[in-house]
Every structure is written in C-alpha cells, then in structure tokens.
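Dropping run37.cif in here (mmCIF, N, CA and C atoms and all ligand atoms):
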data_structure
#
loop_
_atom_site.label_atom_id
_atom_site.label_comp_id
_atom_site.auth_asym_id
_atom_site.auth_seq_id
_atom_site.Cartn_x
_atom_site.Cartn_y
_atom_site.Cartn_z
N MET A 2 79.77 105.93 145.71
CA MET A 2 80.53 106.01 144.45
C MET A 2 79.61 105.72 143.26
N ASP A 3 79.59 106.59 142.27
CA ASP A 3 78.72 106.28 141.13
C ASP A 3 79.39 105.24 140.22
N GLN A 4 78.61 104.79 139.27
CA GLN A 4 79.06 103.67 138.43
C GLN A 4 80.31 104.02 137.60
N MET A 5 80.32 105.29 137.10
CA MET A 5 81.44 105.74 136.27
C MET A 5 82.76 105.69 137.05
N MET A 6 82.67 106.18 138.28
CA MET A 6 83.84 106.22 139.16
C MET A 6 84.35 104.81 139.45
N THR A 7 83.44 103.91 139.72
CA THR A 7 83.80 102.52 140.02
C THR A 7 84.52 101.90 138.83
N ARG A 8 83.99 102.16 137.65
CA ARG A 8 84.59 101.60 136.44
C ARG A 8 86.00 102.13 136.22
N MET A 9 86.18 103.43 136.46
CA MET A 9 87.51 104.03 136.29
C MET A 9 88.50 103.43 137.28
N LEU A 10 88.03 103.20 138.49
CA LEU A 10 88.88 102.65 139.54
C LEU A 10 89.33 101.24 139.17
N ILE A 11 88.39 100.46 138.66
CA ILE A 11 88.72 99.08 138.26
C ILE A 11 89.75 99.11 137.13
N ALA A 12 89.55 100.00 136.19
CA ALA A 12 90.48 100.11 135.06
C ALA A 12 91.87 100.48 135.55
N LEU A 13 91.93 101.39 136.51
CA LEU A 13 93.19 101.86 137.06
C LEU A 13 93.92 100.73 137.80
N ILE A 14 93.18 99.98 138.58
CA ILE A 14 93.76 98.85 139.32
C ILE A 14 94.31 97.82 138.32
N ALA A 15 93.56 97.58 137.27
CA ALA A 15 93.99 96.61 136.25
C ALA A 15 95.30 97.06 135.62
N LEU A 16 95.41 98.35 135.31
CA LEU A 16 96.62 98.91 134.69
C LEU A 16 97.84 98.75 135.60
N VAL A 17 97.63 99.11 136.87
CA VAL A 17 98.73 99.07 137.83
C VAL A 17 99.23 97.64 138.03
N SER A 18 98.32 96.69 138.05
CA SER A 18 98.76 95.32 138.31
C SER A 18 99.36 94.67 137.07
N ILE A 19 98.97 95.10 135.89
CA ILE A 19 99.50 94.49 134.66
C ILE A 19 100.88 95.07 134.31
N ALA A 20 101.05 96.36 134.51
CA ALA A 20 102.26 97.02 134.05
C ALA A 20 103.57 96.40 134.56
N PRO A 21 103.73 96.16 135.89
CA PRO A 21 105.01 95.59 136.33
C PRO A 21 105.27 94.20 135.75
N ALA A 22 104.24 93.40 135.63
CA ALA A 22 104.39 92.05 135.09
C ALA A 22 104.87 92.11 133.64
N ALA A 23 104.29 93.01 132.87
CA ALA A 23 104.66 93.14 131.45
C ALA A 23 106.10 93.60 131.31
N ALA A 24 106.51 94.55 132.15
CA ALA A 24 107.87 95.07 132.09
C ALA A 24 108.88 93.97 132.40
N GLN A 25 108.55 93.18 133.41
CA GLN A 25 109.43 92.10 133.82
C GLN A 25 109.57 91.07 132.70
N GLN A 26 108.44 90.78 132.08
CA GLN A 26 108.43 89.79 131.01
C GLN A 26 109.33 90.22 129.85
N THR A 27 109.24 91.50 129.48
CA THR A 27 110.03 92.03 128.38
C THR A 27 111.52 91.91 128.69
N GLN A 28 111.88 92.24 129.92
CA GLN A 28 113.27 92.17 130.33
C GLN A 28 113.80 90.74 130.27
N THR A 29 112.98 89.81 130.75
CA THR A 29 113.37 88.41 130.75
C THR A 29 113.56 87.92 129.33
N ALA A 30 112.62 88.28 128.46
CA ALA A 30 112.69 87.85 127.07
C ALA A 30 113.95 88.39 126.41
N ALA A 31 114.29 89.65 126.72
CA ALA A 31 115.45 90.28 126.10
C ALA A 31 116.75 89.59 126.51
N LYS A 32 116.77 89.03 127.69
CA LYS A 32 118.01 88.41 128.17
C LYS A 32 118.09 86.93 127.83
N GLN A 33 117.02 86.41 127.26
CA GLN A 33 117.04 85.00 126.88
C GLN A 33 117.48 84.86 125.44
N GLY A 34 118.68 84.39 125.23
CA GLY A 34 119.13 84.04 123.89
C GLY A 34 119.20 85.20 122.93
N PRO A 35 119.58 84.90 121.70
CA PRO A 35 119.78 85.95 120.71
C PRO A 35 118.46 86.47 120.13
N SER A 36 118.53 87.68 119.59
CA SER A 36 117.38 88.23 118.87
C SER A 36 117.40 87.66 117.45
N VAL A 37 116.26 87.69 116.81
CA VAL A 37 116.20 87.26 115.42
C VAL A 37 115.98 88.48 114.54
N VAL A 38 116.84 88.64 113.54
CA VAL A 38 116.68 89.73 112.58
C VAL A 38 116.35 89.11 111.23
N HIS A 39 115.18 89.42 110.72
CA HIS A 39 114.76 88.87 109.43
C HIS A 39 115.23 89.79 108.30
N ILE A 40 116.01 89.25 107.41
CA ILE A 40 116.49 90.01 106.26
C ILE A 40 115.76 89.50 105.02
N ASN A 41 115.15 90.44 104.33
CA ASN A 41 114.34 90.12 103.16
C ASN A 41 115.00 90.81 101.95
N LEU A 42 115.91 90.11 101.32
CA LEU A 42 116.67 90.69 100.20
C LEU A 42 115.77 90.82 98.98
N HIS A 43 115.67 92.02 98.44
CA HIS A 43 114.83 92.22 97.26
C HIS A 43 115.27 93.49 96.54
N GLU A 44 114.72 93.72 95.37
CA GLU A 44 115.03 94.94 94.62
C GLU A 44 114.06 96.03 95.11
N TRP A 45 114.52 97.06 95.86
CA TRP A 45 115.88 97.30 96.29
C TRP A 45 115.90 97.63 97.77
N GLY A 46 116.01 96.61 98.57
CA GLY A 46 116.06 96.83 100.01
C GLY A 46 116.40 95.55 100.76
N LEU A 47 116.55 95.70 102.07
CA LEU A 47 116.86 94.55 102.93
C LEU A 47 115.67 94.15 103.79
N GLY A 48 114.56 94.90 103.62
CA GLY A 48 113.37 94.60 104.42
C GLY A 48 113.47 95.09 105.85
N LEU A 49 114.34 96.06 106.09
CA LEU A 49 114.54 96.54 107.47
C LEU A 49 114.10 97.99 107.66
N ASP A 50 113.63 98.63 106.63
CA ASP A 50 113.27 100.04 106.74
C ASP A 50 114.50 100.88 107.08
N GLY A 51 115.66 100.43 106.62
CA GLY A 51 116.87 101.22 106.81
C GLY A 51 117.61 101.03 108.12
N ARG A 52 116.96 100.35 109.08
CA ARG A 52 117.58 100.27 110.40
C ARG A 52 117.00 99.12 111.22
N ALA A 53 117.87 98.43 111.97
CA ALA A 53 117.39 97.40 112.89
C ALA A 53 118.18 97.51 114.18
N THR A 54 117.52 97.24 115.28
CA THR A 54 118.18 97.33 116.58
C THR A 54 118.15 95.97 117.27
N VAL A 55 119.30 95.54 117.73
CA VAL A 55 119.43 94.30 118.50
C VAL A 55 119.61 94.72 119.96
N PRO A 56 118.75 94.29 120.86
CA PRO A 56 118.86 94.77 122.24
C PRO A 56 120.10 94.26 122.97
N GLY A 57 120.59 93.10 122.59
CA GLY A 57 121.74 92.52 123.28
C GLY A 57 122.99 92.55 122.43
N ASN A 58 123.77 91.47 122.50
CA ASN A 58 125.01 91.37 121.73
C ASN A 58 124.96 90.24 120.70
N GLU A 59 123.84 89.53 120.68
CA GLU A 59 123.79 88.36 119.82
C GLU A 59 122.53 88.38 118.96
N ALA A 60 122.70 88.09 117.69
CA ALA A 60 121.54 88.07 116.80
C ALA A 60 121.67 86.94 115.78
N VAL A 61 120.54 86.32 115.51
CA VAL A 61 120.46 85.35 114.42
C VAL A 61 119.91 86.08 113.21
N PHE A 62 120.67 86.08 112.12
CA PHE A 62 120.20 86.71 110.90
C PHE A 62 119.57 85.64 110.03
N GLU A 63 118.26 85.76 109.87
CA GLU A 63 117.51 84.84 108.99
C GLU A 63 117.36 85.56 107.66
N ILE A 64 118.03 85.06 106.65
CA ILE A 64 118.13 85.79 105.39
C ILE A 64 117.40 85.03 104.28
N ARG A 65 116.57 85.76 103.56
CA ARG A 65 115.85 85.15 102.45
C ARG A 65 115.92 86.08 101.24
N ASN A 66 116.20 85.51 100.09
CA ASN A 66 116.14 86.30 98.87
C ASN A 66 114.74 86.20 98.30
N THR A 67 113.96 87.25 98.49
CA THR A 67 112.59 87.28 97.97
C THR A 67 112.53 88.06 96.65
N GLY A 68 113.70 88.43 96.15
CA GLY A 68 113.76 89.19 94.90
C GLY A 68 113.77 88.26 93.69
N SER A 69 114.09 88.83 92.54
CA SER A 69 114.10 88.02 91.31
C SER A 69 115.49 87.94 90.68
N VAL A 70 116.49 88.48 91.38
CA VAL A 70 117.88 88.34 90.91
C VAL A 70 118.74 87.89 92.10
N VAL A 71 119.99 87.50 91.80
CA VAL A 71 120.91 87.06 92.85
C VAL A 71 121.22 88.22 93.80
N HIS A 72 121.20 87.95 95.11
CA HIS A 72 121.59 88.93 96.11
C HIS A 72 122.53 88.26 97.11
N SER A 73 123.10 89.08 97.99
CA SER A 73 123.96 88.58 99.04
C SER A 73 123.79 89.50 100.23
N PHE A 74 124.24 89.08 101.39
CA PHE A 74 124.09 89.90 102.59
C PHE A 74 125.44 90.03 103.27
N GLU A 75 125.84 91.26 103.51
CA GLU A 75 127.10 91.50 104.17
C GLU A 75 126.88 92.47 105.32
N ILE A 76 127.55 92.21 106.44
CA ILE A 76 127.50 93.15 107.56
C ILE A 76 128.93 93.47 107.96
N GLU A 77 129.19 94.76 108.15
CA GLU A 77 130.56 95.15 108.49
C GLU A 77 130.58 96.28 109.50
N GLY A 78 131.71 96.39 110.17
CA GLY A 78 131.87 97.44 111.17
C GLY A 78 133.26 97.36 111.75
N LYS A 79 133.51 98.16 112.77
CA LYS A 79 134.83 98.17 113.39
C LYS A 79 134.74 97.65 114.82
N ILE A 80 135.65 96.75 115.17
CA ILE A 80 135.77 96.28 116.55
C ILE A 80 137.19 96.59 116.99
N ASP A 81 137.33 97.43 118.01
CA ASP A 81 138.64 97.87 118.49
C ASP A 81 139.48 98.43 117.34
N GLY A 82 138.85 99.20 116.48
CA GLY A 82 139.55 99.85 115.38
C GLY A 82 139.84 98.95 114.19
N LYS A 83 139.48 97.68 114.31
CA LYS A 83 139.74 96.75 113.20
C LYS A 83 138.46 96.50 112.42
N GLU A 84 138.59 96.57 111.10
CA GLU A 84 137.43 96.32 110.23
C GLU A 84 137.05 94.83 110.26
N VAL A 85 135.80 94.56 110.52
CA VAL A 85 135.33 93.16 110.46
C VAL A 85 134.17 93.07 109.48
N GLU A 86 134.05 91.93 108.81
CA GLU A 86 132.91 91.76 107.92
C GLU A 86 132.51 90.29 107.84
N VAL A 87 131.22 90.09 107.68
CA VAL A 87 130.67 88.75 107.53
C VAL A 87 129.79 88.77 106.29
N VAL A 88 129.97 87.78 105.42
CA VAL A 88 129.22 87.74 104.17
C VAL A 88 128.46 86.42 104.07
N SER A 89 127.23 86.50 103.61
CA SER A 89 126.39 85.30 103.52
C SER A 89 126.75 84.43 102.32
N GLY A 90 127.35 85.01 101.30
CA GLY A 90 127.48 84.31 100.03
C GLY A 90 126.28 84.60 99.17
N ARG A 91 126.37 84.29 97.89
CA ARG A 91 125.31 84.65 96.96
C ARG A 91 124.08 83.77 97.13
N LEU A 92 122.95 84.41 97.16
CA LEU A 92 121.68 83.68 97.29
C LEU A 92 120.85 83.84 96.02
N GLN A 93 120.46 82.72 95.45
CA GLN A 93 119.55 82.74 94.30
C GLN A 93 118.15 83.16 94.77
N PRO A 94 117.30 83.66 93.86
CA PRO A 94 115.92 83.97 94.25
C PRO A 94 115.28 82.77 94.95
N GLY A 95 114.67 83.02 96.09
CA GLY A 95 114.00 81.95 96.85
C GLY A 95 114.90 81.28 97.87
N GLN A 96 116.21 81.43 97.74
CA GLN A 96 117.13 80.78 98.68
C GLN A 96 117.15 81.47 100.04
N THR A 97 117.45 80.67 101.06
CA THR A 97 117.56 81.21 102.41
C THR A 97 118.87 80.75 103.06
N THR A 98 119.30 81.48 104.04
CA THR A 98 120.43 81.08 104.85
C THR A 98 120.31 81.79 106.20
N SER A 99 121.11 81.38 107.16
CA SER A 99 121.10 82.11 108.43
C SER A 99 122.45 81.98 109.11
N PHE A 100 122.81 82.97 109.89
CA PHE A 100 123.98 82.86 110.74
C PHE A 100 123.78 83.69 112.01
N THR A 101 124.54 83.31 113.02
CA THR A 101 124.44 84.00 114.30
C THR A 101 125.69 84.83 114.52
N LEU A 102 125.50 86.08 114.93
CA LEU A 102 126.64 86.95 115.21
C LEU A 102 126.59 87.45 116.63
N ARG A 103 127.75 87.43 117.27
CA ARG A 103 127.88 88.01 118.60
C ARG A 103 128.84 89.19 118.45
N LEU A 104 128.34 90.40 118.69
CA LEU A 104 129.14 91.60 118.43
C LEU A 104 129.10 92.56 119.61
N PRO A 105 130.17 93.33 119.78
CA PRO A 105 130.15 94.37 120.81
C PRO A 105 129.11 95.44 120.45
N ALA A 106 128.64 96.14 121.46
CA ALA A 106 127.67 97.21 121.22
C ALA A 106 128.25 98.20 120.22
N GLY A 107 127.44 98.64 119.28
CA GLY A 107 127.90 99.59 118.28
C GLY A 107 127.01 99.55 117.07
N GLU A 108 127.35 100.40 116.10
CA GLU A 108 126.56 100.45 114.88
C GLU A 108 127.32 99.79 113.74
N TYR A 109 126.65 98.92 113.04
CA TYR A 109 127.24 98.18 111.93
C TYR A 109 126.45 98.49 110.66
N THR A 110 127.08 98.23 109.53
CA THR A 110 126.43 98.51 108.25
C THR A 110 126.13 97.19 107.55
N ALA A 111 124.89 97.03 107.13
CA ALA A 111 124.49 95.84 106.39
C ALA A 111 124.13 96.26 104.97
N TYR A 112 124.51 95.46 103.99
CA TYR A 112 124.18 95.79 102.61
C TYR A 112 124.32 94.58 101.71
N CYS A 113 123.88 94.75 100.48
CA CYS A 113 124.07 93.71 99.48
C CYS A 113 125.29 94.09 98.64
N PRO A 114 126.33 93.22 98.63
CA PRO A 114 127.56 93.55 97.91
C PRO A 114 127.52 93.23 96.41
N VAL A 115 126.40 92.77 95.90
CA VAL A 115 126.31 92.43 94.48
C VAL A 115 126.12 93.71 93.65
N GLY A 116 126.94 93.84 92.60
CA GLY A 116 126.81 94.97 91.66
C GLY A 116 126.66 96.30 92.36
N ASN A 117 125.70 97.09 91.93
CA ASN A 117 125.46 98.40 92.55
C ASN A 117 124.23 98.38 93.46
N HIS A 118 123.91 97.20 93.98
CA HIS A 118 122.70 97.03 94.80
C HIS A 118 122.70 97.90 96.06
N ARG A 119 123.90 98.08 96.62
CA ARG A 119 123.99 98.93 97.81
C ARG A 119 123.53 100.34 97.49
N GLU A 120 124.04 100.87 96.38
CA GLU A 120 123.69 102.24 95.95
C GLU A 120 122.20 102.34 95.62
N ARG A 121 121.61 101.23 95.19
CA ARG A 121 120.20 101.26 94.80
C ARG A 121 119.26 101.13 95.98
N GLY A 122 119.82 100.95 97.19
CA GLY A 122 118.96 100.97 98.37
C GLY A 122 119.06 99.76 99.28
N MET A 123 119.88 98.78 98.87
CA MET A 123 120.01 97.58 99.73
C MET A 123 121.06 97.85 100.81
N LEU A 124 120.68 98.70 101.75
CA LEU A 124 121.60 99.20 102.77
C LEU A 124 120.81 99.50 104.04
N ALA A 125 121.38 99.13 105.19
CA ALA A 125 120.71 99.42 106.46
C ALA A 125 121.74 99.48 107.58
N ALA A 126 121.41 100.20 108.63
CA ALA A 126 122.25 100.23 109.83
C ALA A 126 121.72 99.19 110.80
N ILE A 127 122.64 98.43 111.38
CA ILE A 127 122.26 97.45 112.41
C ILE A 127 122.93 97.87 113.72
N VAL A 128 122.13 98.19 114.69
CA VAL A 128 122.66 98.67 115.97
C VAL A 128 122.57 97.55 117.01
N PHE A 129 123.73 97.17 117.55
CA PHE A 129 123.76 96.24 118.68
C PHE A 129 123.87 97.10 119.95
N ARG A 130 122.88 97.04 120.79
CA ARG A 130 122.87 97.88 121.98
C ARG A 130 123.72 97.29 123.10
N GLY A 131 123.79 95.99 123.18
CA GLY A 131 124.43 95.36 124.33
C GLY A 131 123.51 95.62 125.50
N TYR A 132 123.44 94.75 126.46
CA TYR A 132 122.56 94.99 127.61
C TYR A 132 123.23 95.97 128.54
N SER A 133 122.49 96.98 128.95
CA SER A 133 123.11 97.92 129.89
C SER A 133 122.13 98.26 131.00
CU CU A 201 121.45 92.57 95.85
#
Translate the structure of the given file into structure tokens.
Amino acid sequence: MDQMMTRMLIALIALVSIAPAAAQQTQTAAKQGPSVVHINLHEWGLGLDGRATVPGNEAVFEIRNTGSVVHSFEIEGKIDGKEVEVVSGRLQPGQTTSFTLRLPAGEYTAYCPVGNHRERGMLAAIVFRGYS
C-alpha cells in the first residue's frame, strides 16, 4: 500500500468512527431540556433572520432590547383552533427578560407589538417541531 492510500484509509476509519458518536450526541442534547432562543429586539428586527426552529416542544426565550427605543416581544398562534398569545411586556433599551414556553408542534408568529414595529420588520416565524 502506498503512503497516499494509507492516509486515505486512516481518514476514512476516523470518519466512520466519529460519525455515529456525533449523531448520538446531537440526539441526546436535543432531548435534554428546553432549547434557548435568543431574541435581540432592535430597529428593525428580532435578531432571528425571520425564522427560528425549536427541535422539541419547549423553549426558553432570552429577550434583550439592544435597540434605542422601547420594544416588546409577543408570540402567538393557534392551539386546537384557539388563539393563544404570550407577551413579554415593554422593555426599555438595554433591558432583558426571559420566559419558557411549552407548545405543541406548529408554526407560531413572533413580533414586536409596539407601534408599527411589526410592519417595519420586527417579525419572525417560530417553528416548534416537537420530537418525532
Ligand atoms: Cu419594537
């Protein structure tokens, strides 16, 4: 076996032995406790790039107002046809808050309910996948 072949073989063995361990680790991590979703309220966005995915049913929303005006964080959606909503309350610039939500799998809408901030871009979809 030439040197090149030996090196490729070693690399291949390394890949095969690492891959199952990494997959297992990810699965374990996903099933341990809630996910953390960082919300960065600012003019004009939530810091989520328009969308966030929660792998399970539970998420801790860590919310910070990094903007220069008052903002708030609201998440709403439908559970069994009923409208539900959770609101953080108004946050001054620099203020933080957090809450934990346990929700059925589905797509929810997050936005800032202050003034016309939602229309200006402080809006994102939050998808709870639920473990399946
Ligand atoms: Cu706002």
List every residue of chain A that has an atom at most 8 Å from any atom of ligand CU 201 (chain A), giving for each one its closest atom pair and the distance in Å to one decimal, counting only C-alpha atoms and all ligand atoms, sorted by chain and then by ascending residue number, as a tab-separated table.
residue	atom	partner	partner_atom	distance
A:Leu42	CA	A:CU201	CU	6.7
A:His43	CA	A:CU201	CU	6.8
A:Glu44	CA	A:CU201	CU	7.0
A:Trp45	CA	A:CU201	CU	7.3
A:Val70	CA	A:CU201	CU	7.4
A:Val71	CA	A:CU201	CU	6.3
A:His72	CA	A:CU201	CU	3.7
A:Ser73	CA	A:CU201	CU	5.7
A:Phe74	CA	A:CU201	CU	7.7
A:Tyr112	CA	A:CU201	CU	8.0
A:Cys113	CA	A:CU201	CU	4.6
A:Pro114	CA	A:CU201	CU	6.5
A:Val115	CA	A:CU201	CU	5.1
A:Gly116	CA	A:CU201	CU	7.2
A:Asn117	CA	A:CU201	CU	7.8
A:His118	CA	A:CU201	CU	4.7
A:Arg119	CA	A:CU201	CU	7.1
A:Met123	CA	A:CU201	CU	6.5
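When CA of Val87 in chain A is paired with CA of Asp50 in chain A, their separation reads 20.8 Å.
Proximity of A:His39, A:Arg52, A:Lys83, A:Arg121 to Thr67 in chain A, computed with only C-alpha atoms, is greatest for A:His39.
Atom pair CA of Val37 in chain A / atom C of Gln93 in chain A: separated by 21.1 Å.
Taking atom N of Ile127 in chain A and CA of Thr98 in chain A as the two end points, the separation is 18.7 Å.
Of the listed residues A:Val38, A:Phe100, A:Val88, A:Tyr109, the one whose atoms come nearest to Leu124 in chain A is A:Tyr109, with distances taken using only C-alpha atoms.
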When you look at Gly95 in chain A with a cut-off of 6 Å (counting all atoms listed in the file), what residues show up, excluding the ones that are within fewer than 6 positions of it in the same chain? I need them as a VMD selection string. chain A and resid 65 to 68
Could you write those residues out with N, CA and C atoms, as a compact mmCIF listing (two decimals), in the frame of the given file?
# COMPACT_ATOMS: atom_id res chain seq x y z
N ARG A 65 116.57 85.76 103.56
CA ARG A 65 115.85 85.15 102.45
C ARG A 65 115.92 86.08 101.24
N ASN A 66 116.20 85.51 100.09
CA ASN A 66 116.14 86.30 98.87
C ASN A 66 114.74 86.20 98.30
N THR A 67 113.96 87.25 98.49
CA THR A 67 112.59 87.28 97.97
C THR A 67 112.53 88.06 96.65
N GLY A 68 113.70 88.43 96.15
CA GLY A 68 113.76 89.19 94.90
C GLY A 68 113.77 88.26 93.69
For Glu108 in chain A, which residue out of A:Ala53, A:Phe129, A:Gly34, A:Asp81 is the nearest one, using only C-alpha atoms? A:Phe129
Find, counting only C-alpha atoms, the residue in A:Ala126, A:Ile40, A:Val85, A:Ile76 that gets nearest to Ser99 in chain A. A:Ile40
Residues within 6.5 Å of range 101-105 of chain A, please, as a PDB file with N, CA and C atoms, keeping the file's coordinate frame. Count all atoms listed in the file; anything in the same chain fewer than 4 positions from it doesn't count.
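Writing the result to out_19.pdb gives the following:
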ATOM      1  N   ASN A  58     123.770  91.470 122.500  1.00  0.00           N
ATOM      2  CA  ASN A  58     125.010  91.370 121.730  1.00  0.00           C
ATOM      3  C   ASN A  58     124.960  90.240 120.700  1.00  0.00           C
ATOM      4  N   GLU A  59     123.840  89.530 120.680  1.00  0.00           N
ATOM      5  CA  GLU A  59     123.790  88.360 119.820  1.00  0.00           C
ATOM      6  C   GLU A  59     122.530  88.380 118.960  1.00  0.00           C
ATOM      7  N   ALA A  60     122.700  88.090 117.690  1.00  0.00           N
ATOM      8  CA  ALA A  60     121.540  88.070 116.800  1.00  0.00           C
ATOM      9  C   ALA A  60     121.670  86.940 115.780  1.00  0.00           C
ATOM     10  N   VAL A  61     120.540  86.320 115.510  1.00  0.00           N
ATOM     11  CA  VAL A  61     120.460  85.350 114.420  1.00  0.00           C
ATOM     12  C   VAL A  61     119.910  86.080 113.210  1.00  0.00           C
ATOM     13  N   PHE A  62     120.670  86.080 112.120  1.00  0.00           N
ATOM     14  CA  PHE A  62     120.200  86.710 110.900  1.00  0.00           C
ATOM     15  C   PHE A  62     119.570  85.640 110.030  1.00  0.00           C
ATOM     16  N   PHE A 129     123.730  97.170 117.550  1.00  0.00           N
ATOM     17  CA  PHE A 129     123.760  96.240 118.680  1.00  0.00           C
ATOM     18  C   PHE A 129     123.870  97.100 119.950  1.00  0.00           C
ATOM     19  N   ARG A 130     122.880  97.040 120.790  1.00  0.00           N
ATOM     20  CA  ARG A 130     122.870  97.880 121.980  1.00  0.00           C
ATOM     21  C   ARG A 130     123.720  97.290 123.100  1.00  0.00           C
ATOM     22  N   GLY A 131     123.790  95.990 123.180  1.00  0.00           N
ATOM     23  CA  GLY A 131     124.430  95.360 124.330  1.00  0.00           C
ATOM     24  C   GLY A 131     123.510  95.620 125.500  1.00  0.00           C
TER      25      GLY A 131
END
Determine which residues of range 28-65 of chain A receive a DSSP assignment of strand (DSSP E or B), computed from the backbone, and state them as a VMD selection string. chain A and resid 36 to 43 46 52 to 55 59 to 65
Write a file for range 106-119 of chain A of the given structure; include N, CA and C atoms and format it as a short mmCIF file (atom, residue, chain, number, x, y, z; two decimals), in the first residue's frame.
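Wrote it out as decode.cif, contents follow:
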data_model
loop_
_atom_site.label_atom_id
_atom_site.label_comp_id
_atom_site.auth_asym_id
_atom_site.auth_seq_id
_atom_site.Cartn_x
_atom_site.Cartn_y
_atom_site.Cartn_z
N ALA A 106 -46.35 21.10 18.60
CA ALA A 106 -45.66 21.31 17.33
C ALA A 106 -46.50 22.19 16.43
N GLY A 107 -45.88 23.13 15.76
CA GLY A 107 -46.60 24.02 14.87
C GLY A 107 -45.81 25.28 14.62
N GLU A 108 -46.39 26.16 13.80
CA GLU A 108 -45.71 27.41 13.50
C GLU A 108 -46.40 28.56 14.23
N TYR A 109 -45.60 29.36 14.88
CA TYR A 109 -46.10 30.50 15.65
C TYR A 109 -45.49 31.78 15.09
N THR A 110 -46.13 32.89 15.40
CA THR A 110 -45.64 34.17 14.91
C THR A 110 -45.11 35.00 16.07
N ALA A 111 -43.91 35.49 15.93
CA ALA A 111 -43.31 36.35 16.94
C ALA A 111 -43.14 37.74 16.36
N TYR A 112 -43.42 38.77 17.16
CA TYR A 112 -43.26 40.13 16.66
C TYR A 112 -43.20 41.13 17.82
N CYS A 113 -42.90 42.35 17.47
CA CYS A 113 -42.93 43.43 18.45
C CYS A 113 -44.26 44.16 18.29
N PRO A 114 -45.08 44.19 19.36
CA PRO A 114 -46.40 44.82 19.26
C PRO A 114 -46.40 46.34 19.47
N VAL A 115 -45.25 46.94 19.63
CA VAL A 115 -45.18 48.39 19.85
C VAL A 115 -45.34 49.11 18.50
N GLY A 116 -46.23 50.10 18.48
CA GLY A 116 -46.41 50.96 17.29
C GLY A 116 -46.51 50.15 16.01
N ASN A 117 -45.77 50.57 15.00
CA ASN A 117 -45.78 49.86 13.71
C ASN A 117 -44.51 49.02 13.53
N HIS A 118 -43.91 48.62 14.64
CA HIS A 118 -42.63 47.89 14.59
C HIS A 118 -42.73 46.56 13.84
N ARG A 119 -43.90 45.92 13.96
CA ARG A 119 -44.09 44.66 13.24
C ARG A 119 -43.97 44.89 11.74
#
